Amino acid sequence: MTDQNEIERDVMEYDVCVVGAGPAGLAFAIRLKQLNPEQMICVLEKGSELGMHSLSGAVLEPAAMDELLPEWRDAKLPIKVEAKDDKFFFLTKKKAIRFPNPPQMNNHGNYIISLGGLVKWLGEQAEALEIDVFPGFSGKEALIEDGKVVGVRCGDMGVNADGTPGSAFAPGVDIRAKLTVMGEGCRGSMSKQLIKRFELDKDKSPQTYGLGFKELWKVPAGRVTPGSIQHTVGWPVDTKTYGGSFLYHLDEDRVYIGYVVGLDYQDPNFVPFEAFQQFKHHPKIKALLEGGEILSSGARTIIEGGFQSLPKMEMPGALLIGCAAGTLNVPKIKGIHMALRSGMFAAKHFHEKQSSEGFDKVFRESIAGQELKKVRNIRPGFNKGFWFGMMNAALETITFGKLPWTIKNHSDHDALKKLSDNATPERPYVERDLPPRDRLASVYFAATEHDESQPAHLKVADTNICATTCAEEYGNPCTKFCPANVYEMIDDGNGGKKLQINAANCVHCKACDIKDPYEIITWTTPEGGSGPNYQNL
Amino acid sequence: MKILVGVKRVIDYNVRVQLKSDGSGVETNGVKMSVNPFDEIAIEEALRIRESGVEAEIIAVSIGTKDAQQQLRTALAMGADRAVLLETDSEVQSLDAAKALLSIAQKEEVDLVLVGKQAIDDDANQTGQMLAALWGRPQATFTSELTIADGKAKSLREVDAGLELIEVDLPALITVDLRLNEPRFVKMPDIMKAKRKPLDTIAFADLGISESPKLETVAYEPPPVRQAGAKVADVPALIAALKDKGVL
């Protein structure tokens with residue numbers, strides 16, 4: 001192994017180092033530079049290019065973009081379609097029953113966009129403002145001195161599988177900064193370290209997550225109504241499982257189709273990817289897709305914990321913004337405007353105070369924090385099943401979230417029931433014929449790439465329990481929830497099974513880090529530039 | 001010595017190439033673009049020549065839209081000294097690309113031109129050879145090992161029969177193959193340095209090359225979809241199926 005202390009590293013100094021070039025991080029950098037052009041800011045991005053790891057529905061509520069960069073409306077984005085009509089359905093296996101639109105889902109004035117496309121454009125604006133944006137460089141760990149975050153160590157490049165430096169070895173740079181801003185997105189690996197180190201989740205409800213799948217399809221001419229938005233709940237998941245779909249009609253005969261499953265599901269045999277594929281075979285959906293082709297696909301976990309699970313967003317020398325903290329508005333199923341706003345508020349705060357101190361309060365009291373607080377009880381209401389959740393959501397909505405209680409979230413890793421509890425309901429799934437055939441075929445459309453000579457970036461602390469305790473208790477759920485087939489139990493040559501980690505397939509969704517019932521899987525950053533290369537997702 | 005390195009901006013090798021919806025070409029909107037991997041090897045080789053002790057100035061040249069500056073910045077961050085963009089919005093075919101690169105090679109009086117053996121977008125494998133011919137200088141193509149000494153270049157080439165070692169007088173043109181080297185990772189401080197390195201832009205139209213495409217693209221079509229396989233019950237059924245397809 002390489003001794004981390006013996007490597008000579010370049011050191012670069014900045015006023016602010018932002019980790020993650022998503023909407024939160026870029027909005028932070030751009031707003032701070034607008035307020036003070038003297039600030040030296042760098043933005044690290046583990047994707048090979050900006051937007052390559054960004055995946056979202058995405059319907060954008062434009063007000064935050066209008067405030068940040070009003071010229072975005074004239075920008076040439078790869079996908080930008082004005083939202084038109086909204087429809088909300090409850091699905092049974094064969095039928096679709098129209099439900100009234102939940103008011104949070106009214107999309108008038110919004111735009112269907114590709115988050116990757118928006119991020120790429122934001123990155124160009126950042127560079128024009130002389131912000132140093134570094135795609136292809138991952139933030140590996142925070143540099144902490146005397147209880148204060150003082151910067152970031154970037155990941156090494158060219159490390160052999162056994163951990164020794166390879167012929168092209170390039171040690172990661174140390175970036176030292178007055179402020180470090182974590183904009184890694186949902187379940188960021190460094191954010192996770194910092195939340196633990198500074199106990200930022202103390203006295204908060206546990207965080208809870210969803211796993212989202214998304215595909216971009218080109219369908220035969222004449223089927224698409226640009227701007228049409230449709231959401232469904234119900235089939236193919238049972239009422240104990242939180243899940244729903246989105247379907248957004250784009251231009252040029254293209255549609256976004258996706259499915260989100262709450263990672264608090266209980267059945268260890270449940271395969272979220274299969275639920276998404278089954279949904280696509282509902283008669284109402286299949287008719288749209290049949291004969292079309294997939295252009296790209298991907299998966300990403302999303303935050304579902306809301307206000308009560310939001311960790312303290314500040315620590316000495318650093319801030320958490322966007323979904324690295326967890327600012328997504330679940331009932332609206334929108335996170336981009338919240339990420340942008342959290343970044344902008346953080347920039348304003350740092351500009352005024354020159355410190356991270358006090359930001360948590362500022363955010364919670366801001367319009368973004370209040371937006372989140374208002375809807376805090378809707379998602380946890382679904383913990384008691386679908387119908388209770390629907391009624392609770394209606395109640396919370398008509399009372400504007402002013403009811404004097406807050407429903408707690410529970411953590412996802414301990415939500416699974418054991419096999420012996422017989423938690424698997426009957427699932428009358430249909431035989432599928434739409435692509436992709438399986439998860440491997442789906443990964444192909446994510447264009448994911450990891451140099452296979454590097455160490456596996458998914459660390460399993462104890463692989464012995466995989467074939468023994470876990471197989472017996474849960475039947476190796478990692479082999480079922482991973483959307484990219486990274487985890488496989490294979491023949492160990494002695495009549496038993498062993499875990500094989502196909503790290504090169506990973507699409508960086510982080511589901512394993514969240515859902516593994518023994519909490520022994522840790523997602524770490526691979527070599528910079530690795531991972532999916534999403535196109536227009 | 002002066003080394004000219006060709007740097008082409010191409011669709012990244014990880015991208016699933018798709019046709020534009022109107023069938024007029026390949027979709028590049030929202031698509032990741034990179035330095036042609038063979039050109040990256042050419043840049044790396046130029047750097048290694050310099051690092052071996054030969055005093056060398058490395059000039060990276062690209063032909064294309066303003067966006068190709070991005071790929072030239074990559075070359076500069078790897079270690080090239082300066083860059084030149086021959087800017088045009090039109091498609092440039094191999095012969096015109098060869099003429100354009102040659103005009104810079106002559107203007108700069110370079111001793112060595114290093115280019116990838118082919119670009120991974122059109123896979124033409126022509127520009128290098130055409131450049132050498134127009135230049136009237138020797139060429140060593142598909143080089144997988146290169147040594148420069150005493151005004152000569154020794155190139156080990158991968159050919160059908162095995163390996164071939166040839167020696168050419170400089171100035172010469174070398175096209176590089178996959179096994180020549182493994183390009184280095186770009187370092188963050190070098191990206192910052194690259195921002196300050198000179199990058200000149202010359203309008204392609206000012207080179208005096210008549211942009212007269214010799215090839216006309218008639219149509220673009222995706223490759224046929226692979227048909228799903230079928231399972232047969234036993235050997236006689238397999239033989240029957242193969243006979244059916246006219247294979248047996």
# chains A, B, ... in the order shown; residues from 1 in each chain; ligands from 1
call {"tool": "closest_atom_pairs", "arguments": {"of": "chain A", "to": "chain B", "cutoff": "6 Å", "atoms": "only C-alpha atoms", "output": "JSON lines"}}
result
{"residue": "A:Pro78", "atom": "CA", "partner": "B:Gly30", "partner_atom": "CA", "distance": 5.8}
{"residue": "A:Ala168", "atom": "CA", "partner": "B:Arg184", "partner_atom": "CA", "distance": 5.7}
{"residue": "A:Ala447", "atom": "CA", "partner": "B:Asn14", "partner_atom": "CA", "distance": 5.7}
call {"tool": "residues_around", "arguments": {"residues": "Asp96 (chain B)", "least_positions_apart": "6", "cutoff": "9 Å", "atoms": "only C-alpha atoms", "output": "PyMOL selection string"}}
result
chain B and resi 127+209-213
call {"tool": "write_last_selection", "arguments": {"atoms": "C-alpha atoms", "output": "tab-separated table (two decimals), in the first residue's frame"}}
result
chain	number	residue	atom	x	y	z
B	127	THR	CA	-3.90	12.61	-42.73
B	209	ILE	CA	-6.33	26.09	-48.77
B	210	SER	CA	-9.30	25.69	-51.04
B	211	GLU	CA	-11.92	23.96	-48.95
B	212	SER	CA	-13.11	21.68	-51.67
B	213	PRO	CA	-14.29	18.44	-50.11
call {"tool": "closest_residue", "arguments": {"among": "B:Glu91, B:Asp39, B:Glu44, B:Glu216", "to": "Gly64 (chain B)", "atoms": "only C-alpha atoms"}}
result
B:Glu91
call {"tool": "select_by_dssp", "arguments": {"residues": "region 15-247 of chain B", "states": "alpha helix (DSSP H)", "output": "short mmCIF file (atom, residue, chain, number, x, y, z; two decimals) with N, CA and C atoms, in the first residue's frame"}}
result
data_model
loop_
_atom_site.label_atom_id
_atom_site.label_comp_id
_atom_site.auth_asym_id
_atom_site.auth_seq_id
_atom_site.Cartn_x
_atom_site.Cartn_y
_atom_site.Cartn_z
N PRO B 37 -7.68 9.66 -28.74
CA PRO B 37 -6.73 8.92 -27.89
C PRO B 37 -5.37 8.68 -28.55
N PHE B 38 -5.32 8.48 -29.86
CA PHE B 38 -4.03 8.27 -30.53
C PHE B 38 -3.21 9.57 -30.53
N ASP B 39 -3.90 10.70 -30.63
CA ASP B 39 -3.19 11.98 -30.56
C ASP B 39 -2.63 12.23 -29.17
N GLU B 40 -3.37 11.73 -28.18
CA GLU B 40 -2.90 11.87 -26.79
C GLU B 40 -1.57 11.12 -26.64
N ILE B 41 -1.49 9.97 -27.30
CA ILE B 41 -0.24 9.19 -27.27
C ILE B 41 0.87 9.97 -27.98
N ALA B 42 0.51 10.67 -29.06
CA ALA B 42 1.50 11.49 -29.78
C ALA B 42 2.02 12.62 -28.89
N ILE B 43 1.11 13.26 -28.14
CA ILE B 43 1.54 14.34 -27.23
C ILE B 43 2.50 13.76 -26.19
N GLU B 44 2.10 12.64 -25.61
CA GLU B 44 2.92 12.00 -24.58
C GLU B 44 4.31 11.69 -25.13
N GLU B 45 4.37 11.19 -26.37
CA GLU B 45 5.67 10.83 -26.94
C GLU B 45 6.55 12.07 -27.11
N ALA B 46 5.93 13.16 -27.55
CA ALA B 46 6.69 14.41 -27.70
C ALA B 46 7.27 14.83 -26.35
N LEU B 47 6.46 14.69 -25.31
CA LEU B 47 6.93 15.07 -23.97
C LEU B 47 8.08 14.17 -23.54
N ARG B 48 7.96 12.89 -23.87
CA ARG B 48 9.02 11.96 -23.46
C ARG B 48 10.31 12.23 -24.21
N ILE B 49 10.19 12.64 -25.48
CA ILE B 49 11.40 12.99 -26.24
C ILE B 49 12.10 14.15 -25.53
N ARG B 50 11.30 15.14 -25.14
CA ARG B 50 11.88 16.31 -24.47
C ARG B 50 12.49 15.91 -23.11
N GLU B 51 11.77 15.05 -22.42
CA GLU B 51 12.24 14.64 -21.09
C GLU B 51 13.48 13.75 -21.17
N GLN B 69 -10.41 24.48 -28.60
CA GLN B 69 -9.47 25.08 -27.64
C GLN B 69 -9.36 24.23 -26.39
N GLN B 70 -10.48 23.62 -26.02
CA GLN B 70 -10.52 22.78 -24.83
C GLN B 70 -9.50 21.64 -24.93
N GLN B 71 -9.44 21.00 -26.11
CA GLN B 71 -8.52 19.88 -26.29
C GLN B 71 -7.07 20.40 -26.35
N LEU B 72 -6.90 21.60 -26.94
CA LEU B 72 -5.55 22.17 -26.97
C LEU B 72 -5.08 22.51 -25.55
N ARG B 73 -6.00 22.97 -24.72
CA ARG B 73 -5.64 23.26 -23.32
C ARG B 73 -5.21 21.97 -22.62
N THR B 74 -5.86 20.86 -22.96
CA THR B 74 -5.44 19.58 -22.39
C THR B 74 -4.00 19.26 -22.80
N ALA B 75 -3.69 19.49 -24.09
CA ALA B 75 -2.33 19.25 -24.57
C ALA B 75 -1.34 20.15 -23.84
N LEU B 76 -1.73 21.39 -23.62
CA LEU B 76 -0.85 22.33 -22.91
C LEU B 76 -0.67 21.91 -21.46
N ALA B 77 -1.76 21.41 -20.86
CA ALA B 77 -1.68 20.98 -19.46
C ALA B 77 -0.80 19.73 -19.34
N MET B 78 -0.83 18.89 -20.37
CA MET B 78 0.06 17.72 -20.35
C MET B 78 1.52 18.17 -20.44
N SER B 94 -9.53 14.73 -44.72
CA SER B 94 -8.12 14.37 -44.48
C SER B 94 -7.14 15.20 -45.32
N LEU B 95 -7.41 15.35 -46.60
CA LEU B 95 -6.45 16.02 -47.48
C LEU B 95 -6.27 17.48 -47.07
N ASP B 96 -7.39 18.13 -46.79
CA ASP B 96 -7.30 19.53 -46.36
C ASP B 96 -6.65 19.65 -44.98
N ALA B 97 -6.92 18.67 -44.12
CA ALA B 97 -6.28 18.67 -42.80
C ALA B 97 -4.77 18.53 -42.96
N ALA B 98 -4.36 17.64 -43.88
CA ALA B 98 -2.93 17.45 -44.13
C ALA B 98 -2.29 18.73 -44.64
N LYS B 99 -2.98 19.38 -45.57
CA LYS B 99 -2.45 20.64 -46.11
C LYS B 99 -2.33 21.70 -45.02
N ALA B 100 -3.33 21.76 -44.17
CA ALA B 100 -3.34 22.77 -43.12
C ALA B 100 -2.22 22.54 -42.11
N LEU B 101 -2.08 21.28 -41.68
CA LEU B 101 -1.00 20.96 -40.73
C LEU B 101 0.35 21.23 -41.37
N LEU B 102 0.45 20.92 -42.66
CA LEU B 102 1.72 21.13 -43.36
C LEU B 102 2.08 22.62 -43.37
N SER B 103 1.07 23.46 -43.58
CA SER B 103 1.37 24.90 -43.64
C SER B 103 1.98 25.37 -42.32
N ILE B 104 1.52 24.82 -41.22
CA ILE B 104 2.10 25.20 -39.92
C ILE B 104 3.48 24.57 -39.76
N ALA B 105 3.61 23.31 -40.18
CA ALA B 105 4.91 22.62 -40.07
C ALA B 105 5.98 23.40 -40.84
N GLN B 106 5.60 23.91 -42.02
CA GLN B 106 6.57 24.65 -42.83
C GLN B 106 6.86 26.02 -42.25
N LYS B 107 5.81 26.68 -41.79
CA LYS B 107 5.98 28.00 -41.22
C LYS B 107 6.87 27.94 -39.98
N GLU B 108 6.67 26.92 -39.20
CA GLU B 108 7.43 26.78 -37.94
C GLU B 108 8.75 26.05 -38.15
N THR B 127 -4.47 11.27 -42.84
CA THR B 127 -3.90 12.61 -42.73
C THR B 127 -2.37 12.58 -42.62
N GLY B 128 -1.86 11.70 -41.77
CA GLY B 128 -0.41 11.62 -41.60
C GLY B 128 0.31 11.31 -42.90
N GLN B 129 -0.16 10.28 -43.55
CA GLN B 129 0.48 9.84 -44.79
C GLN B 129 0.43 10.94 -45.85
N MET B 130 -0.72 11.59 -45.97
CA MET B 130 -0.87 12.65 -46.97
C MET B 130 0.07 13.82 -46.66
N LEU B 131 0.17 14.12 -45.36
CA LEU B 131 1.04 15.23 -44.96
C LEU B 131 2.48 14.95 -45.37
N ALA B 132 2.96 13.73 -45.09
CA ALA B 132 4.35 13.39 -45.43
C ALA B 132 4.59 13.50 -46.93
N ALA B 133 3.61 13.03 -47.69
CA ALA B 133 3.75 13.05 -49.15
C ALA B 133 3.81 14.49 -49.67
N LEU B 134 2.90 15.34 -49.17
CA LEU B 134 2.87 16.73 -49.61
C LEU B 134 4.14 17.47 -49.19
N TRP B 135 4.64 17.06 -48.03
CA TRP B 135 5.82 17.68 -47.44
C TRP B 135 7.10 17.24 -48.16
N MET B 188 -3.31 19.03 -11.61
CA MET B 188 -4.07 20.25 -11.37
C MET B 188 -3.23 21.53 -11.51
N PRO B 189 -2.04 21.60 -10.91
CA PRO B 189 -1.25 22.82 -11.09
C PRO B 189 -0.90 23.07 -12.55
N ASP B 190 -0.75 21.98 -13.33
CA ASP B 190 -0.41 22.14 -14.75
C ASP B 190 -1.59 22.68 -15.55
N ILE B 191 -2.81 22.39 -15.09
CA ILE B 191 -4.00 22.95 -15.75
C ILE B 191 -3.97 24.46 -15.57
N MET B 192 -3.58 24.90 -14.38
CA MET B 192 -3.49 26.34 -14.13
C MET B 192 -2.41 26.97 -15.01
N LYS B 193 -1.26 26.29 -15.11
CA LYS B 193 -0.17 26.83 -15.95
C LYS B 193 -0.61 26.89 -17.41
N ALA B 194 -1.38 25.89 -17.82
CA ALA B 194 -1.79 25.81 -19.23
C ALA B 194 -2.66 27.00 -19.61
N LYS B 195 -3.37 27.55 -18.62
CA LYS B 195 -4.24 28.69 -18.93
C LYS B 195 -3.42 29.90 -19.37
N ARG B 196 -2.17 29.94 -18.96
CA ARG B 196 -1.34 31.09 -19.31
C ARG B 196 -0.45 30.83 -20.52
N VAL B 235 -29.07 -31.62 -30.78
CA VAL B 235 -28.15 -31.52 -31.92
C VAL B 235 -28.86 -31.62 -33.28
N PRO B 236 -29.78 -32.58 -33.44
CA PRO B 236 -30.47 -32.63 -34.74
C PRO B 236 -31.18 -31.31 -35.06
N ALA B 237 -31.77 -30.69 -34.02
CA ALA B 237 -32.46 -29.41 -34.26
C ALA B 237 -31.46 -28.35 -34.67
N LEU B 238 -30.25 -28.39 -34.06
CA LEU B 238 -29.20 -27.42 -34.40
C LEU B 238 -28.80 -27.60 -35.85
N ILE B 239 -28.58 -28.86 -36.24
CA ILE B 239 -28.16 -29.13 -37.63
C ILE B 239 -29.25 -28.67 -38.60
N ALA B 240 -30.48 -28.94 -38.21
CA ALA B 240 -31.59 -28.52 -39.07
C ALA B 240 -31.63 -27.01 -39.20
N ALA B 241 -31.40 -26.32 -38.06
CA ALA B 241 -31.45 -24.86 -38.07
C ALA B 241 -30.33 -24.29 -38.93
N LEU B 242 -29.14 -24.91 -38.80
CA LEU B 242 -28.01 -24.42 -39.60
C LEU B 242 -28.24 -24.66 -41.08
N LYS B 243 -28.83 -25.82 -41.41
CA LYS B 243 -29.14 -26.12 -42.81
C LYS B 243 -30.14 -25.12 -43.35
N ASP B 244 -31.10 -24.83 -42.47
CA ASP B 244 -32.15 -23.87 -42.80
C ASP B 244 -31.56 -22.52 -43.21
#
call {"tool": "residues_around", "arguments": {"residues": "region 353-363 of chain A", "least_positions_apart": "4", "cutoff": "10 Å", "atoms": "only C-alpha atoms", "output": "mmCIF file with N, CA and C atoms, in the first residue's frame"}}
result
data_model
loop_
_atom_site.group_PDB
_atom_site.id
_atom_site.type_symbol
_atom_site.label_atom_id
_atom_site.label_comp_id
_atom_site.auth_asym_id
_atom_site.auth_seq_id
_atom_site.Cartn_x
_atom_site.Cartn_y
_atom_site.Cartn_z
ATOM 1 N N LYS A 178 -9.817 28.709 2.963
ATOM 2 C CA LYS A 178 -10.417 29.296 4.174
ATOM 3 C C LYS A 178 -11.764 28.641 4.450
ATOM 4 N N LEU A 179 -12.441 28.283 3.365
ATOM 5 C CA LEU A 179 -13.738 27.623 3.510
ATOM 6 C C LEU A 179 -13.819 26.461 2.531
ATOM 7 N N THR A 180 -14.308 25.329 3.015
ATOM 8 C CA THR A 180 -14.550 24.174 2.151
ATOM 9 C C THR A 180 -16.059 23.979 2.075
ATOM 10 N N VAL A 181 -16.555 23.833 0.857
ATOM 11 C CA VAL A 181 -17.998 23.724 0.673
ATOM 12 C C VAL A 181 -18.315 22.369 0.064
ATOM 13 N N LEU A 310 -32.382 16.982 8.063
ATOM 14 C CA LEU A 310 -31.321 17.855 7.559
ATOM 15 C C LEU A 310 -30.258 18.016 8.642
ATOM 16 N N PRO A 311 -29.020 17.577 8.371
ATOM 17 C CA PRO A 311 -27.993 17.727 9.406
ATOM 18 C C PRO A 311 -27.656 19.211 9.589
ATOM 19 N N LYS A 312 -26.944 19.499 10.650
ATOM 20 C CA LYS A 312 -26.435 20.860 10.823
ATOM 21 C C LYS A 312 -25.566 21.148 9.597
ATOM 22 N N MET A 313 -25.816 22.268 8.936
ATOM 23 C CA MET A 313 -25.174 22.507 7.645
ATOM 24 C C MET A 313 -23.842 23.242 7.764
ATOM 25 N N GLU A 314 -23.362 23.424 8.962
ATOM 26 C CA GLU A 314 -22.080 24.116 9.149
ATOM 27 C C GLU A 314 -21.202 23.349 10.115
ATOM 28 N N MET A 315 -19.906 23.526 9.965
ATOM 29 C CA MET A 315 -18.926 23.022 10.932
ATOM 30 C C MET A 315 -17.737 23.959 10.795
ATOM 31 N N PRO A 316 -16.798 23.939 11.716
ATOM 32 C CA PRO A 316 -15.688 24.874 11.588
ATOM 33 C C PRO A 316 -14.968 24.703 10.249
ATOM 34 N N GLY A 317 -14.943 25.732 9.451
ATOM 35 C CA GLY A 317 -14.213 25.722 8.183
ATOM 36 C C GLY A 317 -14.956 25.139 7.010
ATOM 37 N N ALA A 318 -16.178 24.649 7.211
ATOM 38 C CA ALA A 318 -16.854 24.008 6.080
ATOM 39 C C ALA A 318 -18.377 24.111 6.181
ATOM 40 N N LEU A 319 -19.006 23.962 5.023
ATOM 41 C CA LEU A 319 -20.464 23.987 4.918
ATOM 42 C C LEU A 319 -20.948 22.784 4.129
ATOM 43 N N LEU A 320 -22.162 22.353 4.429
ATOM 44 C CA LEU A 320 -22.842 21.362 3.586
ATOM 45 C C LEU A 320 -23.935 22.098 2.838
ATOM 46 N N ILE A 321 -24.006 21.927 1.525
ATOM 47 C CA ILE A 321 -25.088 22.563 0.768
ATOM 48 C C ILE A 321 -25.749 21.530 -0.153
ATOM 49 N N ARG A 341 -30.560 27.420 -4.389
ATOM 50 C CA ARG A 341 -30.782 28.397 -3.318
ATOM 51 C C ARG A 341 -29.842 28.180 -2.146
ATOM 52 N N SER A 342 -29.632 26.924 -1.754
ATOM 53 C CA SER A 342 -28.750 26.682 -0.615
ATOM 54 C C SER A 342 -27.343 27.181 -0.939
ATOM 55 N N GLY A 343 -26.925 26.987 -2.190
ATOM 56 C CA GLY A 343 -25.609 27.480 -2.598
ATOM 57 C C GLY A 343 -25.547 28.995 -2.561
ATOM 58 N N PHE A 345 -27.493 31.094 -0.790
ATOM 59 C CA PHE A 345 -27.547 31.593 0.601
ATOM 60 C C PHE A 345 -26.196 31.390 1.284
ATOM 61 N N ALA A 346 -25.555 30.256 1.003
ATOM 62 C CA ALA A 346 -24.258 29.978 1.630
ATOM 63 C C ALA A 346 -23.219 30.998 1.169
ATOM 64 N N ALA A 347 -23.260 31.346 -0.118
ATOM 65 C CA ALA A 347 -22.303 32.320 -0.651
ATOM 66 C C ALA A 347 -22.506 33.680 0.012
ATOM 67 N N LYS A 348 -23.780 34.068 0.134
ATOM 68 C CA LYS A 348 -24.089 35.368 0.746
ATOM 69 C C LYS A 348 -23.611 35.368 2.202
ATOM 70 N N HIS A 349 -23.866 34.260 2.892
ATOM 71 C CA HIS A 349 -23.470 34.171 4.292
ATOM 72 C C HIS A 349 -21.951 34.299 4.446
ATOM 73 N N ILE A 367 -36.273 31.321 2.846
ATOM 74 C CA ILE A 367 -37.455 30.812 2.145
ATOM 75 C C ILE A 367 -37.274 29.345 1.769
ATOM 76 N N ALA A 368 -36.027 28.954 1.493
ATOM 77 C CA ALA A 368 -35.777 27.550 1.126
ATOM 78 C C ALA A 368 -36.004 26.648 2.336
ATOM 79 N N GLY A 369 -35.472 27.047 3.480
ATOM 80 C CA GLY A 369 -35.649 26.266 4.698
ATOM 81 C C GLY A 369 -37.122 26.169 5.072
ATOM 82 N N GLN A 370 -37.843 27.260 4.911
ATOM 83 C CA GLN A 370 -39.265 27.272 5.269
ATOM 84 C C GLN A 370 -40.076 26.408 4.309
#
call {"tool": "residues_around", "arguments": {"residues": "Leu288 (chain A)", "least_positions_apart": "3", "cutoff": "10 Å", "atoms": "only C-alpha atoms", "output": "list in words"}}
result
Trp217, Val219, Pro220, Gly222, Arg223, Val224, Val255, Lys280, His281, Pro283, Lys284, Ile285, Gly291 and Gly292 of chain A
call {"tool": "select_by_dssp", "arguments": {"residues": "region 107-184 of chain B", "states": "strand (DSSP E or B)", "output": "PyMOL selection string"}}
result
chain B and resi 112-116+139-149+152-159+162-169+172-176
call {"tool": "atom_distance", "arguments": {"atom1": "CA of Ala287 (chain A)", "atom2": "CA of Gln535 (chain A)"}}
result
24.7 Å
call {"tool": "residues_around", "arguments": {"residues": "region 455-457 of chain A", "least_positions_apart": "3", "cutoff": "8 Å", "atoms": "only C-alpha atoms", "output": "ChimeraX atom specification"}}
result
/A:159-163,452,501,503,523-526
call {"tool": "write_last_selection", "arguments": {"atoms": "all heavy atoms", "output": "short mmCIF file (atom, residue, chain, number, x, y, z; two decimals), in the first residue's frame"}}
result
data_model
loop_
_atom_site.label_atom_id
_atom_site.label_comp_id
_atom_site.auth_asym_id
_atom_site.auth_seq_id
_atom_site.Cartn_x
_atom_site.Cartn_y
_atom_site.Cartn_z
N VAL A 159 -3.09 4.49 -9.43
CA VAL A 159 -2.74 3.55 -8.37
C VAL A 159 -3.09 2.13 -8.86
O VAL A 159 -4.14 1.92 -9.46
CB VAL A 159 -3.53 3.85 -7.08
CG1 VAL A 159 -3.17 2.88 -5.97
CG2 VAL A 159 -3.26 5.29 -6.64
N ASN A 160 -2.19 1.17 -8.62
CA ASN A 160 -2.46 -0.21 -9.02
C ASN A 160 -3.54 -0.83 -8.13
O ASN A 160 -3.80 -0.34 -7.04
CB ASN A 160 -1.19 -1.06 -8.91
CG ASN A 160 -0.15 -0.64 -9.92
OD1 ASN A 160 -0.49 -0.21 -11.02
ND2 ASN A 160 1.10 -0.75 -9.54
N ALA A 161 -4.07 -1.95 -8.61
CA ALA A 161 -5.14 -2.63 -7.87
C ALA A 161 -4.71 -3.00 -6.45
O ALA A 161 -5.52 -3.01 -5.53
CB ALA A 161 -5.59 -3.87 -8.62
N ASP A 162 -3.42 -3.28 -6.26
CA ASP A 162 -2.96 -3.66 -4.91
C ASP A 162 -2.62 -2.45 -4.05
O ASP A 162 -2.12 -2.58 -2.94
CB ASP A 162 -1.77 -4.61 -5.01
CG ASP A 162 -0.58 -3.95 -5.70
OD1 ASP A 162 -0.69 -2.75 -6.06
OD2 ASP A 162 0.46 -4.62 -5.87
N GLY A 163 -2.86 -1.25 -4.59
CA GLY A 163 -2.64 -0.04 -3.81
C GLY A 163 -1.27 0.59 -4.00
O GLY A 163 -1.00 1.68 -3.50
N GLU A 452 -9.84 -0.64 -14.88
CA GLU A 452 -9.95 -1.82 -14.03
C GLU A 452 -8.65 -2.14 -13.30
O GLU A 452 -8.61 -3.06 -12.48
CB GLU A 452 -10.43 -3.02 -14.85
CG GLU A 452 -11.80 -2.76 -15.44
CD GLU A 452 -12.67 -3.99 -15.54
OE1 GLU A 452 -12.45 -4.93 -14.77
OE2 GLU A 452 -13.57 -4.00 -16.39
N ILE A 501 -17.04 -8.14 -6.50
CA ILE A 501 -17.42 -6.74 -6.67
C ILE A 501 -17.00 -6.29 -8.07
O ILE A 501 -15.81 -6.17 -8.36
CB ILE A 501 -16.75 -5.84 -5.61
CG1 ILE A 501 -17.10 -6.35 -4.20
CG2 ILE A 501 -17.18 -4.39 -5.78
CD1 ILE A 501 -16.40 -5.59 -3.09
N ALA A 503 -16.61 -3.51 -9.64
CA ALA A 503 -16.58 -2.07 -9.36
C ALA A 503 -16.65 -1.23 -10.64
O ALA A 503 -17.12 -0.10 -10.62
CB ALA A 503 -15.33 -1.72 -8.57
N TRP A 523 -18.87 3.44 0.14
CA TRP A 523 -18.59 3.93 -1.21
C TRP A 523 -17.49 4.99 -1.11
O TRP A 523 -17.65 5.97 -0.37
CB TRP A 523 -19.86 4.54 -1.81
CG TRP A 523 -19.73 4.82 -3.27
CD1 TRP A 523 -20.13 4.02 -4.30
CD2 TRP A 523 -19.15 5.98 -3.88
NE1 TRP A 523 -19.81 4.60 -5.51
CE2 TRP A 523 -19.21 5.79 -5.27
CE3 TRP A 523 -18.56 7.14 -3.39
CZ2 TRP A 523 -18.73 6.73 -6.18
CZ3 TRP A 523 -18.07 8.08 -4.28
CH2 TRP A 523 -18.15 7.87 -5.65
N THR A 524 -16.38 4.79 -1.81
CA THR A 524 -15.33 5.80 -1.82
C THR A 524 -15.14 6.29 -3.26
O THR A 524 -15.63 5.67 -4.20
CB THR A 524 -13.99 5.24 -1.30
OG1 THR A 524 -13.52 4.26 -2.25
CG2 THR A 524 -14.15 4.58 0.06
N THR A 525 -14.45 7.40 -3.41
CA THR A 525 -14.28 7.92 -4.78
C THR A 525 -13.22 7.11 -5.51
O THR A 525 -12.13 6.91 -5.00
CB THR A 525 -13.84 9.39 -4.76
OG1 THR A 525 -12.76 9.53 -3.83
CG2 THR A 525 -14.97 10.30 -4.37
N PRO A 526 -13.53 6.65 -6.72
CA PRO A 526 -12.50 6.01 -7.53
C PRO A 526 -11.60 7.09 -8.15
O PRO A 526 -11.78 8.29 -7.86
CB PRO A 526 -13.30 5.29 -8.61
CG PRO A 526 -14.55 6.10 -8.75
CD PRO A 526 -14.82 6.71 -7.40
#
